[in-house]
Amino acid sequence: MLSFLKSRWVLLIVITLFSIFKIHHLYYPYFWDESWPYASAVAYMFNHGISLIPGAVDPDLSRGHPLFFHAAAALWGKIFGMSHVSMHSFALLISVLFLVTIYEAGLKIFNKRVAIMSLLLVVTQVLFIVQSAFLLLEMLVALLALLSLYHYIKGNYLQTGLYLSMLFLTKESGLIMGFVLGIDALLSLRTFTKATWKDHAARLLSIGVPCILMGIFFLLQKHINGWYVLPLYSQLVEHSWSNFWHVFSKVASGCMYVSDYRYWYFLTAAAITVYAAITKKMYGLFTILIPVALIYLMTGEQGPRGHWDSFFHFIGLIVSFVLLTWFISRPALFPLLAQRKFIVLTMAFISCFIIFSSMNFFTYRYLLASIIPGLMLVAVITDKMAEQTKPKLFFVAFGLMMTVSAYAYINDDGNGDTDRSAFYNMELQQSSVDYLEQHNLYDALIGAGSYLQRIHLTDPATGFLRGNKTFKNVDWEINHPDYMIVDNIEPDYRYDQIKNRPGYSLVFRKTKGQGWIEIYRKNQK
């Protein structure tokens with residue numbers, strides 16, 4: 001017990017402080033995609049029965065996704081109730097378990113330094129902090145992906161199959177981890193002997209069985225709903241190279257590298273690696289400069305624009321990551337097979353996940369599953385290169401990265417559900433609902449360009465209404481409403497028209513941070 005606490009006291013302190021910090025967020029209403037479709041889908045399953053069968057939730061609410069997340073949340077609701085505190089506690093529990101998994105993976109595959117650095121890099125990310133108590137499935141996808149990878153590397157194939165099955169049945173993007181592990185399992189057959197056939201069979205079954213389960217889900221989806229993937233999403237799959245490259249550049253450079261000043265983490269790890277390459281004459285490590293340079297060239301206006309320029313840039317980036325992975329994962333640096341496998345499989349997963357995300361409907365929070373392992377690799381490389389040169393460099397680099405994390409958090413000025421402003425925006429939208437309720441405007445004609453604002457006014461489950469009484473006449477149209485609501489949270493292109501419309505007066509305005517919300521009232525004749 002003493003040794004357990006000695007190696008995990010940092011983890012215990014961090015998750016305790018983080019949980020305390022997040023308590024007040026549990027009381028917020030549902031925001032953006034939380035309010036619709038996820039919270040609505042969970043409530044639907046809660047009321048109509050818990051099931052993993054497609055069709056158990058209206059496809060408009062499930063968005064055609066597998067239903068493990070919805071079923072788990074609905075089951076939690078059966079035990080602890082469907083209040084916002086309960087549902088947000090469910091989401092927070094997933095995030096805390098994710099932190100524990102990150103630490104344990106770092107500790108058991110590498111060492112305590114890697115575990116602590118990985119933990120603190122993740123827990124200080126604005127993206128993680130904001131998303132950690134939202135009733136959204138991306139955090140569960142990231143958790144199950146890491147659990148699947150960890151147990152596969154450790155040879156725990158029963159657990160691998162279990163977590164991979166849950167991952168597939170949470171979201172289709174989880175198949176990327178199955179693809180990466182499946183390729184590795186097939187390549188491992190090169191070492192097949194009579195003495196190892198059981199191990200190979202268990203490895204293949206740990207991936208094959210989840211794939212069969214997912215195949216059954218898709219067949220049922222086709223039989224019940226008439227399609228394998230929601231047509232809204234299948235129609236958004238990118239087939240144009242130029243469009244793919246545009247999104248890929250945004251994902252690979254902007255979201256993974258630039259957002260929240262993460263480039264300082266990667267540049268710090270790269271600098272220590274170059275120092276190790278020079279002092280230890282490990283010249284292959286200079287390959288870390290190639291992806292750094294190529295990613296830099298993808299940012300801003302200096303990136304490749306032409307069809308062939310972008311194509312060769314893409315190929316060069318893939319080749320550079322392969323070379324970097326080859327030289328970083330050499331036995332001379334990482335003698336343990338589990339360590340080398342973690343590096344190789346994590347690099348492969350991140351690369352494949354970014355490509356997949358660039359081909360499909362995409363929003364920033366989807367990248368949780370790739371950003372977090374990327375931060376773990378930063379910790380692994382920083383620790384190993386400092387160990388090879390001057391161990392004190394680890395603490396210098398760690399201090400710099402924590403300073404960057406604090407700066408990114410303090411200066412976060414985004415306006416989405418992955419930014420601190422999400423909580424300000426909820427307060428603004430709550431204030432507009434409060435105004436309408438306080439003035440008893442339940443029967444008034446209300447125009448609101450924001451779809452989710454309309455949901456807040458008509459669905460008590462979102463938590464913005466003070467009771468079960470809803471507003472009866474809420475519409476997108478603004479022809480002749482009694483009241484019009486506009487904000488910059490979900491900007492309405494008709495704002496100038498609304499603001500300058502004769503016969504209407506501004507009766508309510510509130511600002512917080514970068515956000516604002518306004519209500520206009522038709523003048524009384």
# chains A, B, ... in the order shown; residues from 1 in each chain; ligands from 1
>>> residues_around(residues="segment 318-329 of chain A", least_positions_apart="2", cutoff="7 Å", atoms="only C-alpha atoms", output="ChimeraX atom specification")
/A:284-285,287-288,290-291,314-316,331,333-334,340,343-344
>>> residues_around(residues="segment 243-257 of chain A", least_positions_apart="4", cutoff="8 Å", atoms="only C-alpha atoms", output="list in words")
Glu238, His239, Tyr261, Arg262, Tyr263, Phe266, Ile295, Tyr296, Met298, Thr299, Ser310, Ile354, Ile355, Ser357, Ser358, Met359, Tyr364, Leu367 and Ile371 of chain A
>>> write_last_selection(atoms="C-alpha atoms", output="short mmCIF file (atom, residue, chain, number, x, y, z; two decimals), in the first residue's frame")
data_model
loop_
_atom_site.label_atom_id
_atom_site.label_comp_id
_atom_site.auth_asym_id
_atom_site.auth_seq_id
_atom_site.Cartn_x
_atom_site.Cartn_y
_atom_site.Cartn_z
CA GLU A 238 -14.53 14.20 -48.72
CA HIS A 239 -13.58 12.97 -52.20
CA TYR A 261 0.36 27.15 -28.10
CA ARG A 262 1.06 23.43 -28.22
CA TYR A 263 3.86 24.04 -30.71
CA PHE A 266 6.78 19.96 -29.63
CA ILE A 295 4.13 21.32 -40.33
CA TYR A 296 5.41 24.87 -39.98
CA MET A 298 1.47 24.25 -43.52
CA THR A 299 0.59 27.13 -41.21
CA SER A 310 0.20 19.77 -51.59
CA ILE A 354 -5.90 12.85 -38.46
CA ILE A 355 -6.36 11.54 -42.01
CA SER A 357 -10.85 13.29 -39.43
CA SER A 358 -9.81 15.28 -42.50
CA MET A 359 -12.03 13.13 -44.73
CA TYR A 364 -12.08 20.40 -32.83
CA LEU A 367 -9.33 15.31 -31.86
CA ILE A 371 -4.14 15.08 -29.07
#
>>> residues_around(residues="Val14 of chain A", least_positions_apart="2", cutoff="10 Å", atoms="only C-alpha atoms", output="PDB file with N, CA and C atoms, in the first residue's frame")
ATOM      1  N   ARG A   8       2.034   7.068  -6.701  1.00  0.00           N
ATOM      2  CA  ARG A   8       0.819   7.658  -7.276  1.00  0.00           C
ATOM      3  C   ARG A   8       0.295   8.865  -6.501  1.00  0.00           C
ATOM      4  N   TRP A   9       1.070   9.404  -5.595  1.00  0.00           N
ATOM      5  CA  TRP A   9       0.572  10.519  -4.792  1.00  0.00           C
ATOM      6  C   TRP A   9       0.294  11.751  -5.649  1.00  0.00           C
ATOM      7  N   VAL A  10       1.068  11.951  -6.689  1.00  0.00           N
ATOM      8  CA  VAL A  10       0.808  13.083  -7.587  1.00  0.00           C
ATOM      9  C   VAL A  10      -0.532  12.890  -8.291  1.00  0.00           C
ATOM     10  N   LEU A  11      -0.777  11.680  -8.759  1.00  0.00           N
ATOM     11  CA  LEU A  11      -2.053  11.374  -9.414  1.00  0.00           C
ATOM     12  C   LEU A  11      -3.224  11.650  -8.485  1.00  0.00           C
ATOM     13  N   LEU A  12      -3.135  11.182  -7.248  1.00  0.00           N
ATOM     14  CA  LEU A  12      -4.230  11.357  -6.291  1.00  0.00           C
ATOM     15  C   LEU A  12      -4.486  12.830  -6.005  1.00  0.00           C
ATOM     16  N   THR A  16      -7.918  14.844  -7.296  1.00  0.00           N
ATOM     17  CA  THR A  16      -8.704  15.452  -6.219  1.00  0.00           C
ATOM     18  C   THR A  16      -8.911  16.936  -6.477  1.00  0.00           C
ATOM     19  N   LEU A  17      -7.830  17.652  -6.773  1.00  0.00           N
ATOM     20  CA  LEU A  17      -7.925  19.089  -7.033  1.00  0.00           C
ATOM     21  C   LEU A  17      -8.742  19.363  -8.289  1.00  0.00           C
ATOM     22  N   PHE A  18      -8.543  18.548  -9.312  1.00  0.00           N
ATOM     23  CA  PHE A  18      -9.288  18.743 -10.557  1.00  0.00           C
ATOM     24  C   PHE A  18     -10.784  18.531 -10.337  1.00  0.00           C
ATOM     25  N   SER A  19     -11.144  17.510  -9.592  1.00  0.00           N
ATOM     26  CA  SER A  19     -12.559  17.236  -9.316  1.00  0.00           C
ATOM     27  C   SER A  19     -13.190  18.372  -8.524  1.00  0.00           C
ATOM     28  N   ILE A  20     -12.466  18.899  -7.545  1.00  0.00           N
ATOM     29  CA  ILE A  20     -12.973  20.034  -6.766  1.00  0.00           C
ATOM     30  C   ILE A  20     -13.164  21.249  -7.673  1.00  0.00           C
ATOM     31  N   VAL A  96     -12.007  11.666 -15.305  1.00  0.00           N
ATOM     32  CA  VAL A  96     -11.093  11.296 -14.218  1.00  0.00           C
ATOM     33  C   VAL A  96     -10.481   9.920 -14.487  1.00  0.00           C
ATOM     34  N   LEU A  99      -7.721  10.343 -16.883  1.00  0.00           N
ATOM     35  CA  LEU A  99      -6.487  10.815 -16.245  1.00  0.00           C
ATOM     36  C   LEU A  99      -5.756   9.667 -15.555  1.00  0.00           C
ATOM     37  N   VAL A 100      -6.510   8.818 -14.875  1.00  0.00           N
ATOM     38  CA  VAL A 100      -5.902   7.657 -14.209  1.00  0.00           C
ATOM     39  C   VAL A 100      -5.242   6.742 -15.242  1.00  0.00           C
ATOM     40  N   ILE A 116       3.916  11.493 -14.752  1.00  0.00           N
ATOM     41  CA  ILE A 116       3.575  12.800 -14.174  1.00  0.00           C
ATOM     42  C   ILE A 116       3.491  13.869 -15.257  1.00  0.00           C
ATOM     43  N   LEU A 119       0.351  13.345 -17.373  1.00  0.00           N
ATOM     44  CA  LEU A 119      -0.823  13.724 -16.592  1.00  0.00           C
ATOM     45  C   LEU A 119      -1.002  15.235 -16.551  1.00  0.00           C
ATOM     46  N   LEU A 120       0.062  15.955 -16.228  1.00  0.00           N
ATOM     47  CA  LEU A 120      -0.045  17.402 -16.061  1.00  0.00           C
ATOM     48  C   LEU A 120      -0.188  18.128 -17.395  1.00  0.00           C
ATOM     49  N   VAL A 123      -4.060  17.495 -18.116  1.00  0.00           N
ATOM     50  CA  VAL A 123      -5.027  18.111 -17.207  1.00  0.00           C
ATOM     51  C   VAL A 123      -5.003  19.633 -17.287  1.00  0.00           C
TER      52      VAL A 123
END
>>> residues_around(residues="Ser83 of chain A", least_positions_apart="2", cutoff="12 Å", atoms="only C-alpha atoms", output="list in words")
Leu26, Tyr27, Tyr28, Pro29, Tyr30, Ala39, Val42, Ala43, Ala73, Ala74, Trp76, Gly77, Lys78, Ile79, Phe80, Gly81, Val85, Ser86, Met87, His88, Ser89, Phe90, Leu135, Pro460, Ala461, Thr462 and Gly463 of chain A
>>> atom_distance(atom1="atom CA of Asp413 of chain A", atom2="atom CA of Trp476 of chain A")
28.3 Å
>>> atom_distance(atom1="atom CA of Ser421 of chain A", atom2="atom CA of Gly513 of chain A")
7.0 Å
>>> closest_residue(among="A:His439, A:Lys22, A:Lys390, A:Lys472", to="Phe128 of chain A", atoms="only C-alpha atoms")
A:Lys22
>>> atom_distance(atom1="atom CA of Thr389 of chain A", atom2="atom CA of Arg330 of chain A")
16.8 Å
>>> closest_residue(among="A:Leu345, A:Leu393, A:Ala56, A:Ala444", to="Ile224 of chain A", atoms="only C-alpha atoms")
A:Ala56
>>> residues_around(residues="Leu441 of chain A", least_positions_apart="4", cutoff="8 Å", atoms="only C-alpha atoms", output="list in words")
Leu436, Glu437 and Phe471 of chain A
>>> write_last_selection(atoms="N, CA and C atoms", output="short mmCIF file (atom, residue, chain, number, x, y, z; two decimals), in the first residue's frame")
data_model
loop_
_atom_site.label_atom_id
_atom_site.label_comp_id
_atom_site.auth_asym_id
_atom_site.auth_seq_id
_atom_site.Cartn_x
_atom_site.Cartn_y
_atom_site.Cartn_z
N LEU A 436 -36.99 36.44 -20.59
CA LEU A 436 -38.27 36.08 -21.19
C LEU A 436 -39.21 35.45 -20.16
N GLU A 437 -38.65 34.64 -19.27
CA GLU A 437 -39.49 34.03 -18.23
C GLU A 437 -39.96 35.05 -17.22
N PHE A 471 -41.93 27.90 -23.98
CA PHE A 471 -42.38 28.96 -24.88
C PHE A 471 -43.01 28.33 -26.12
#
>>> residues_around(residues="Val507 of chain A", least_positions_apart="5", cutoff="7 Å", atoms="only C-alpha atoms", output="PyMOL selection string")
chain A and resi 519-521
>>> closest_residue(among="A:Thr160, A:Asn47, A:Gln524, A:Asn111", to="Ser206 of chain A", atoms="only C-alpha atoms")
A:Thr160
